[in-house]
Amino acid sequence: MAPVAVLDFLAGLVTEVPRHIGDGDDDHHARKNTDVIEIRLAHFSIKEYLMSPRMSSNISATFGIKETDANIRIAESCLACHLHWSKSVLATPYLLREHHLWEYVVAYWPKHLDLIPSDKCTLSVTKGVLQVFTRGSQSLLNMARIRDPDRWGCDSAWHKTADELVLPLYYACSIDALKLAGIIIEADGISAIGEVSGNSSFGNALQAAVWHS
């Protein structure tokens with residue numbers, strides 16, 4: 001079934017919104033100067049209803065959404081997709097246009113992670129984070145090629161090699177990802193905060209955090 005066919009089942013709940021991605025839109029670096037269709041909820045009240053406690057008390061309960069559970073599932077799925085794609089390929093603008101979700105995965109999964117309460121973060125999320133943010137790994141390299149922490153939006157990021165990678169904690173602090181930074185510090189130790197990251201603009205994670213805060 002073609003992805004667009006899903007819209008037939010969601011008639012009245014979502015709308016298609018044409019959008020042009022211009023030069024200044026860094027959220028979609030690989031698709032600049034293209035026309036796309038965004039899928040949005042038809043009205044904010046639909047989200048409110050789906051997340052309402054009232055959903056659990058009637059026949060529609062199976063369609064209810066809990067925000068924490070949703071963010072956990074999205075974070076797990078994003079990490080799994082990125083790890084899967086990173087096993088065999090280096091990210092390029094062409095591949096990002098082929099894998100439509102990859103740019104979203106890199107740009108937004110840390111935001112979903114930040115929305116998960118610390119006591120609700122699952123082992124699979126933590127494990128996935130540490131797999132992606134392994135020093136010198138291809139998964140970390142692909143993160144940096146798609147979203148360079150120092151030169152986000154620059155074409156030069158597509159030529160980055162493993163030897164040019166910044167440290168995982170530096171990367172996390174550069175994109176202002178609080179929960180991500182916490183997981184990395186817990187795994188690498190407090191000394192990682194002051195460790196100098198070669199090929200970086202700000203030297204260490206603490207300096208990067210101050211600059212980007």
# chains A, B, ... in the order shown; residues from 1 in each chain; ligands from 1

call {"tool": "residues_around", "arguments": {"residues": "Glu48 (chain A)", "least_positions_apart": "4", "cutoff": "12 Å", "atoms": "only C-alpha atoms", "output": "ChimeraX atom specification"}}
result
/A:41,43-44,52-55,64-67

call {"tool": "write_last_selection", "arguments": {"atoms": "C-alpha atoms", "output": "PDB file, in the first residue's frame"}}
result
ATOM      1  CA  LEU A  41      -3.885  17.500  12.303  1.00  0.00           C
ATOM      2  CA  HIS A  43      -7.524  21.031  14.287  1.00  0.00           C
ATOM      3  CA  PHE A  44      -5.754  21.277  17.655  1.00  0.00           C
ATOM      4  CA  SER A  52      -7.766  13.380  27.020  1.00  0.00           C
ATOM      5  CA  PRO A  53      -8.415  11.170  30.105  1.00  0.00           C
ATOM      6  CA  ARG A  54     -11.962  10.832  28.795  1.00  0.00           C
ATOM      7  CA  MET A  55     -10.668   8.470  26.142  1.00  0.00           C
ATOM      8  CA  GLY A  64      -6.110   7.083  23.194  1.00  0.00           C
ATOM      9  CA  ILE A  65      -2.566   8.440  23.396  1.00  0.00           C
ATOM     10  CA  LYS A  66      -0.431   9.038  26.481  1.00  0.00           C
ATOM     11  CA  GLU A  67       2.197  11.682  25.798  1.00  0.00           C
TER      12      GLU A  67
END

call {"tool": "residues_around", "arguments": {"residues": "Asp35 (chain A)", "least_positions_apart": "2", "cutoff": "8 Å", "atoms": "only C-alpha atoms", "output": "PyMOL selection string"}}
result
chain A and resi 18-21+33+37

call {"tool": "write_last_selection", "arguments": {"atoms": "N, CA and C atoms", "output": "PDB file, in the first residue's frame"}}
result
ATOM      1  N   PRO A  18       0.641  22.256   1.469  1.00  0.00           N
ATOM      2  CA  PRO A  18       1.801  22.467   0.592  1.00  0.00           C
ATOM      3  C   PRO A  18       2.800  23.413   1.263  1.00  0.00           C
ATOM      4  N   ARG A  19       4.076  23.166   1.061  1.00  0.00           N
ATOM      5  CA  ARG A  19       5.106  24.003   1.661  1.00  0.00           C
ATOM      6  C   ARG A  19       6.341  24.028   0.773  1.00  0.00           C
ATOM      7  N   HIS A  20       6.932  25.197   0.642  1.00  0.00           N
ATOM      8  CA  HIS A  20       8.208  25.317  -0.071  1.00  0.00           C
ATOM      9  C   HIS A  20       9.329  25.450   0.947  1.00  0.00           C
ATOM     10  N   ILE A  21      10.356  24.611   0.806  1.00  0.00           N
ATOM     11  CA  ILE A  21      11.492  24.655   1.716  1.00  0.00           C
ATOM     12  C   ILE A  21      12.552  25.567   1.115  1.00  0.00           C
ATOM     13  N   ASN A  33      14.951  24.260  -1.364  1.00  0.00           N
ATOM     14  CA  ASN A  33      14.477  24.652  -2.695  1.00  0.00           C
ATOM     15  C   ASN A  33      13.636  23.571  -3.354  1.00  0.00           C
ATOM     16  N   ILE A  37       4.756  18.297   0.736  1.00  0.00           N
ATOM     17  CA  ILE A  37       3.429  18.287   1.356  1.00  0.00           C
ATOM     18  C   ILE A  37       3.597  17.863   2.810  1.00  0.00           C
TER      19      ILE A  37
END

call {"tool": "select_by_dssp", "arguments": {"residues": "region 4-125 of chain A", "states": "alpha helix (DSSP H)", "output": "PDB file with C-alpha atoms, in the first residue's frame"}}
result
ATOM      1  CA  VAL A   6      -3.206   6.149   4.673  1.00  0.00           C
ATOM      2  CA  LEU A   7      -4.733   9.589   4.180  1.00  0.00           C
ATOM      3  CA  ASP A   8      -7.940   7.948   2.967  1.00  0.00           C
ATOM      4  CA  PHE A   9      -8.367   6.346   6.402  1.00  0.00           C
ATOM      5  CA  PHE A  44      -5.754  21.277  17.655  1.00  0.00           C
ATOM      6  CA  SER A  45      -8.853  19.861  19.355  1.00  0.00           C
ATOM      7  CA  ILE A  46      -8.137  16.462  17.733  1.00  0.00           C
ATOM      8  CA  LYS A  47      -4.847  16.193  19.643  1.00  0.00           C
ATOM      9  CA  GLU A  48      -6.562  17.322  22.849  1.00  0.00           C
ATOM     10  CA  TYR A  49      -9.242  14.661  22.442  1.00  0.00           C
ATOM     11  CA  LEU A  50      -6.798  11.847  21.666  1.00  0.00           C
ATOM     12  CA  GLU A  67       2.197  11.682  25.798  1.00  0.00           C
ATOM     13  CA  THR A  68       5.026   9.934  27.654  1.00  0.00           C
ATOM     14  CA  ASP A  69       4.376   6.596  25.940  1.00  0.00           C
ATOM     15  CA  ALA A  70       4.235   8.321  22.557  1.00  0.00           C
ATOM     16  CA  ASN A  71       7.589  10.053  23.098  1.00  0.00           C
ATOM     17  CA  ILE A  72       9.182   6.786  24.240  1.00  0.00           C
ATOM     18  CA  ARG A  73       7.958   4.926  21.151  1.00  0.00           C
ATOM     19  CA  ILE A  74       9.015   7.727  18.798  1.00  0.00           C
ATOM     20  CA  ALA A  75      12.481   7.947  20.395  1.00  0.00           C
ATOM     21  CA  GLU A  76      12.914   4.151  20.197  1.00  0.00           C
ATOM     22  CA  SER A  77      11.790   4.082  16.566  1.00  0.00           C
ATOM     23  CA  CYS A  78      14.020   7.000  15.567  1.00  0.00           C
ATOM     24  CA  LEU A  79      17.089   5.448  17.184  1.00  0.00           C
ATOM     25  CA  ALA A  80      16.366   2.057  15.597  1.00  0.00           C
ATOM     26  CA  CYS A  81      15.963   3.623  12.135  1.00  0.00           C
ATOM     27  CA  HIS A  82      19.165   5.635  12.426  1.00  0.00           C
ATOM     28  CA  LEU A  83      21.167   2.622  13.607  1.00  0.00           C
ATOM     29  CA  HIS A  84      19.733   0.466  10.824  1.00  0.00           C
ATOM     30  CA  TRP A  85      20.553   2.957   8.066  1.00  0.00           C
ATOM     31  CA  SER A  86      23.984   3.690   9.540  1.00  0.00           C
ATOM     32  CA  PRO A  93      21.654  14.535   0.513  1.00  0.00           C
ATOM     33  CA  TYR A  94      20.524  11.947  -2.044  1.00  0.00           C
ATOM     34  CA  LEU A  95      19.974   9.256   0.608  1.00  0.00           C
ATOM     35  CA  LEU A  96      18.056  11.679   2.804  1.00  0.00           C
ATOM     36  CA  ARG A  97      15.689  12.309  -0.075  1.00  0.00           C
ATOM     37  CA  GLU A  98      15.313   8.537  -0.462  1.00  0.00           C
ATOM     38  CA  TRP A 102      16.058  10.291   8.269  1.00  0.00           C
ATOM     39  CA  GLU A 103      16.393  14.055   8.490  1.00  0.00           C
ATOM     40  CA  TYR A 104      13.493  14.199  10.955  1.00  0.00           C
ATOM     41  CA  VAL A 105      15.056  11.406  13.007  1.00  0.00           C
ATOM     42  CA  VAL A 106      18.342  13.264  13.436  1.00  0.00           C
ATOM     43  CA  ALA A 107      16.824  16.698  14.002  1.00  0.00           C
ATOM     44  CA  TYR A 108      14.014  15.807  16.383  1.00  0.00           C
ATOM     45  CA  TRP A 109      14.581  12.562  18.281  1.00  0.00           C
ATOM     46  CA  PRO A 110      16.559  14.390  21.045  1.00  0.00           C
ATOM     47  CA  LYS A 111      13.493  16.588  21.554  1.00  0.00           C
ATOM     48  CA  HIS A 112      11.333  13.497  22.103  1.00  0.00           C
ATOM     49  CA  LEU A 113      13.968  12.198  24.530  1.00  0.00           C
ATOM     50  CA  ASP A 114      13.841  15.452  26.516  1.00  0.00           C
ATOM     51  CA  LEU A 123      16.440   0.584  28.833  1.00  0.00           C
ATOM     52  CA  SER A 124      15.945   0.306  25.078  1.00  0.00           C
ATOM     53  CA  VAL A 125      16.094   4.101  24.703  1.00  0.00           C
TER      54      VAL A 125
END

call {"tool": "atom_distance", "arguments": {"atom1": "CA of Ile185 (chain A)", "atom2": "CA of Ala205 (chain A)"}}
result
10.6 Å

call {"tool": "residues_around", "arguments": {"residues": "Met143 (chain A)", "least_positions_apart": "2", "cutoff": "9 Å", "atoms": "only C-alpha atoms", "output": "PDB file with C-alpha atoms, in the first residue's frame"}}
result
ATOM      1  CA  HIS A  82      19.165   5.635  12.426  1.00  0.00           C
ATOM      2  CA  ALA A  91      24.482   9.857   4.847  1.00  0.00           C
ATOM      3  CA  VAL A 106      18.342  13.264  13.436  1.00  0.00           C
ATOM      4  CA  ALA A 107      16.824  16.698  14.002  1.00  0.00           C
ATOM      5  CA  VAL A 132      24.423   5.919  18.330  1.00  0.00           C
ATOM      6  CA  PHE A 133      26.823   8.011  20.408  1.00  0.00           C
ATOM      7  CA  GLN A 138      29.461   5.457  11.733  1.00  0.00           C
ATOM      8  CA  SER A 139      26.160   6.200  13.472  1.00  0.00           C
ATOM      9  CA  LEU A 140      27.709   9.259  15.167  1.00  0.00           C
ATOM     10  CA  LEU A 141      29.356  10.247  11.885  1.00  0.00           C
ATOM     11  CA  ARG A 145      26.953  14.720   8.480  1.00  0.00           C
ATOM     12  CA  ILE A 146      23.212  15.384   8.658  1.00  0.00           C
ATOM     13  CA  ARG A 147      23.347  17.809  11.566  1.00  0.00           C
ATOM     14  CA  ASP A 148      26.832  19.153  12.154  1.00  0.00           C
TER      15      ASP A 148
END

call {"tool": "closest_residue", "arguments": {"among": "A:His212, A:Lys87, A:His99, A:Lys127", "to": "Asn142 (chain A)", "atoms": "only C-alpha atoms"}}
result
A:Lys87

call {"tool": "atom_distance", "arguments": {"atom1": "CA of Leu101 (chain A)", "atom2": "CA of Thr134 (chain A)"}}
result
22.0 Å

call {"tool": "residues_around", "arguments": {"residues": "Ala209 (chain A)", "least_positions_apart": "2", "cutoff": "10 Å", "atoms": "only C-alpha atoms", "output": "number ranges by chain"}}
result
A: 169-178, 181, 193, 202, 204-207, 211-213

call {"tool": "write_last_selection", "arguments": {"atoms": "N, CA and C atoms", "output": "PDB file, in the first residue's frame"}}
result
ATOM      1  N   LEU A 169      29.673  13.836  23.927  1.00  0.00           N
ATOM      2  CA  LEU A 169      29.120  14.818  24.855  1.00  0.00           C
ATOM      3  C   LEU A 169      29.158  16.217  24.268  1.00  0.00           C
ATOM      4  N   TYR A 170      30.210  16.534  23.547  1.00  0.00           N
ATOM      5  CA  TYR A 170      30.293  17.840  22.876  1.00  0.00           C
ATOM      6  C   TYR A 170      29.119  17.988  21.908  1.00  0.00           C
ATOM      7  N   TYR A 171      28.853  16.939  21.155  1.00  0.00           N
ATOM      8  CA  TYR A 171      27.736  16.974  20.205  1.00  0.00           C
ATOM      9  C   TYR A 171      26.423  17.237  20.941  1.00  0.00           C
ATOM     10  N   ALA A 172      26.185  16.499  22.018  1.00  0.00           N
ATOM     11  CA  ALA A 172      24.931  16.645  22.769  1.00  0.00           C
ATOM     12  C   ALA A 172      24.763  18.066  23.296  1.00  0.00           C
ATOM     13  N   CYS A 173      25.843  18.641  23.827  1.00  0.00           N
ATOM     14  CA  CYS A 173      25.770  19.995  24.376  1.00  0.00           C
ATOM     15  C   CYS A 173      25.582  21.024  23.266  1.00  0.00           C
ATOM     16  N   SER A 174      26.130  20.758  22.099  1.00  0.00           N
ATOM     17  CA  SER A 174      26.031  21.693  20.982  1.00  0.00           C
ATOM     18  C   SER A 174      24.626  21.775  20.409  1.00  0.00           C
ATOM     19  N   ILE A 175      23.839  20.731  20.574  1.00  0.00           N
ATOM     20  CA  ILE A 175      22.461  20.765  20.085  1.00  0.00           C
ATOM     21  C   ILE A 175      21.472  20.963  21.234  1.00  0.00           C
ATOM     22  N   ASP A 176      22.006  21.294  22.419  1.00  0.00           N
ATOM     23  CA  ASP A 176      21.178  21.635  23.581  1.00  0.00           C
ATOM     24  C   ASP A 176      20.244  20.484  23.964  1.00  0.00           C
ATOM     25  N   ALA A 177      20.787  19.261  23.943  1.00  0.00           N
ATOM     26  CA  ALA A 177      19.999  18.064  24.279  1.00  0.00           C
ATOM     27  C   ALA A 177      20.319  17.634  25.707  1.00  0.00           C
ATOM     28  N   LEU A 178      19.527  18.081  26.672  1.00  0.00           N
ATOM     29  CA  LEU A 178      19.819  17.898  28.089  1.00  0.00           C
ATOM     30  C   LEU A 178      19.824  16.432  28.504  1.00  0.00           C
ATOM     31  N   ALA A 181      22.736  14.503  26.980  1.00  0.00           N
ATOM     32  CA  ALA A 181      23.994  14.809  27.670  1.00  0.00           C
ATOM     33  C   ALA A 181      24.085  14.044  28.988  1.00  0.00           C
ATOM     34  N   ILE A 193      33.127  16.017  30.738  1.00  0.00           N
ATOM     35  CA  ILE A 193      32.663  17.399  30.584  1.00  0.00           C
ATOM     36  C   ILE A 193      33.797  18.315  30.135  1.00  0.00           C
ATOM     37  N   PHE A 202      34.486  25.057  19.979  1.00  0.00           N
ATOM     38  CA  PHE A 202      34.494  25.576  21.344  1.00  0.00           C
ATOM     39  C   PHE A 202      35.352  24.776  22.319  1.00  0.00           C
ATOM     40  N   ASN A 204      35.587  22.167  24.486  1.00  0.00           N
ATOM     41  CA  ASN A 204      35.018  21.078  25.282  1.00  0.00           C
ATOM     42  C   ASN A 204      33.515  21.237  25.424  1.00  0.00           C
ATOM     43  N   ALA A 205      32.899  20.231  26.005  1.00  0.00           N
ATOM     44  CA  ALA A 205      31.435  20.201  26.098  1.00  0.00           C
ATOM     45  C   ALA A 205      30.883  21.338  26.940  1.00  0.00           C
ATOM     46  N   LEU A 206      31.580  21.682  28.024  1.00  0.00           N
ATOM     47  CA  LEU A 206      31.107  22.754  28.894  1.00  0.00           C
ATOM     48  C   LEU A 206      31.058  24.078  28.144  1.00  0.00           C
ATOM     49  N   GLN A 207      32.091  24.381  27.390  1.00  0.00           N
ATOM     50  CA  GLN A 207      32.131  25.622  26.621  1.00  0.00           C
ATOM     51  C   GLN A 207      31.044  25.630  25.545  1.00  0.00           C
ATOM     52  N   TRP A 211      27.875  28.315  25.240  1.00  0.00           N
ATOM     53  CA  TRP A 211      27.638  29.072  24.018  1.00  0.00           C
ATOM     54  C   TRP A 211      26.229  28.862  23.478  1.00  0.00           C
ATOM     55  N   HIS A 212      25.753  27.627  23.531  1.00  0.00           N
ATOM     56  CA  HIS A 212      24.466  27.289  22.927  1.00  0.00           C
ATOM     57  C   HIS A 212      23.280  27.437  23.881  1.00  0.00           C
ATOM     58  N   SER A 213      23.553  27.770  25.150  1.00  0.00           N
ATOM     59  CA  SER A 213      22.438  27.887  26.112  1.00  0.00           C
ATOM     60  C   SER A 213      21.652  29.169  25.894  1.00  0.00           C
TER      61      SER A 213
END

call {"tool": "select_by_dssp", "arguments": {"residues": "region 28-110 of chain A", "states": "strand (DSSP E)", "output": "number ranges by chain"}}
result
A: 34-41

call {"tool": "write_last_selection", "arguments": {"atoms": "N, CA and C atoms", "output": "PDB file, in the first residue's frame"}}
result
ATOM      1  N   THR A  34      12.843  22.886  -2.539  1.00  0.00           N
ATOM      2  CA  THR A  34      11.904  21.902  -3.075  1.00  0.00           C
ATOM      3  C   THR A  34      10.514  22.165  -2.502  1.00  0.00           C
ATOM      4  N   ASP A  35       9.506  21.663  -3.184  1.00  0.00           N
ATOM      5  CA  ASP A  35       8.123  21.763  -2.711  1.00  0.00           C
ATOM      6  C   ASP A  35       7.723  20.426  -2.091  1.00  0.00           C
ATOM      7  N   VAL A  36       7.134  20.476  -0.919  1.00  0.00           N
ATOM      8  CA  VAL A  36       6.736  19.266  -0.213  1.00  0.00           C
ATOM      9  C   VAL A  36       5.302  19.406   0.274  1.00  0.00           C
ATOM     10  N   ILE A  37       4.756  18.297   0.736  1.00  0.00           N
ATOM     11  CA  ILE A  37       3.429  18.287   1.356  1.00  0.00           C
ATOM     12  C   ILE A  37       3.597  17.863   2.810  1.00  0.00           C
ATOM     13  N   GLU A  38       3.168  18.686   3.746  1.00  0.00           N
ATOM     14  CA  GLU A  38       3.200  18.344   5.160  1.00  0.00           C
ATOM     15  C   GLU A  38       1.828  17.847   5.596  1.00  0.00           C
ATOM     16  N   ILE A  39       1.827  16.853   6.476  1.00  0.00           N
ATOM     17  CA  ILE A  39       0.590  16.310   7.015  1.00  0.00           C
ATOM     18  C   ILE A  39       0.412  16.849   8.431  1.00  0.00           C
ATOM     19  N   ARG A  40      -0.699  17.507   8.671  1.00  0.00           N
ATOM     20  CA  ARG A  40      -0.965  18.101   9.979  1.00  0.00           C
ATOM     21  C   ARG A  40      -2.358  17.709  10.458  1.00  0.00           C
ATOM     22  N   LEU A  41      -2.542  17.717  11.773  1.00  0.00           N
ATOM     23  CA  LEU A  41      -3.885  17.500  12.303  1.00  0.00           C
ATOM     24  C   LEU A  41      -4.797  18.613  11.819  1.00  0.00           C
TER      25      LEU A  41
END

call {"tool": "closest_residue", "arguments": {"among": "A:Pro149, A:Trp158, A:Gly203, A:Ala42", "to": "Val17 (chain A)", "atoms": "only C-alpha atoms"}}
result
A:Ala42

call {"tool": "closest_residue", "arguments": {"among": "A:Ile183, A:Cys121, A:Leu10, A:Leu90", "to": "Lys160 (chain A)", "atoms": "only C-alpha atoms"}}
result
A:Leu90

call {"tool": "atom_distance", "arguments": {"atom1": "CA of Gly189 (chain A)", "atom2": "CA of Ile116 (chain A)"}}
result
22.2 Å
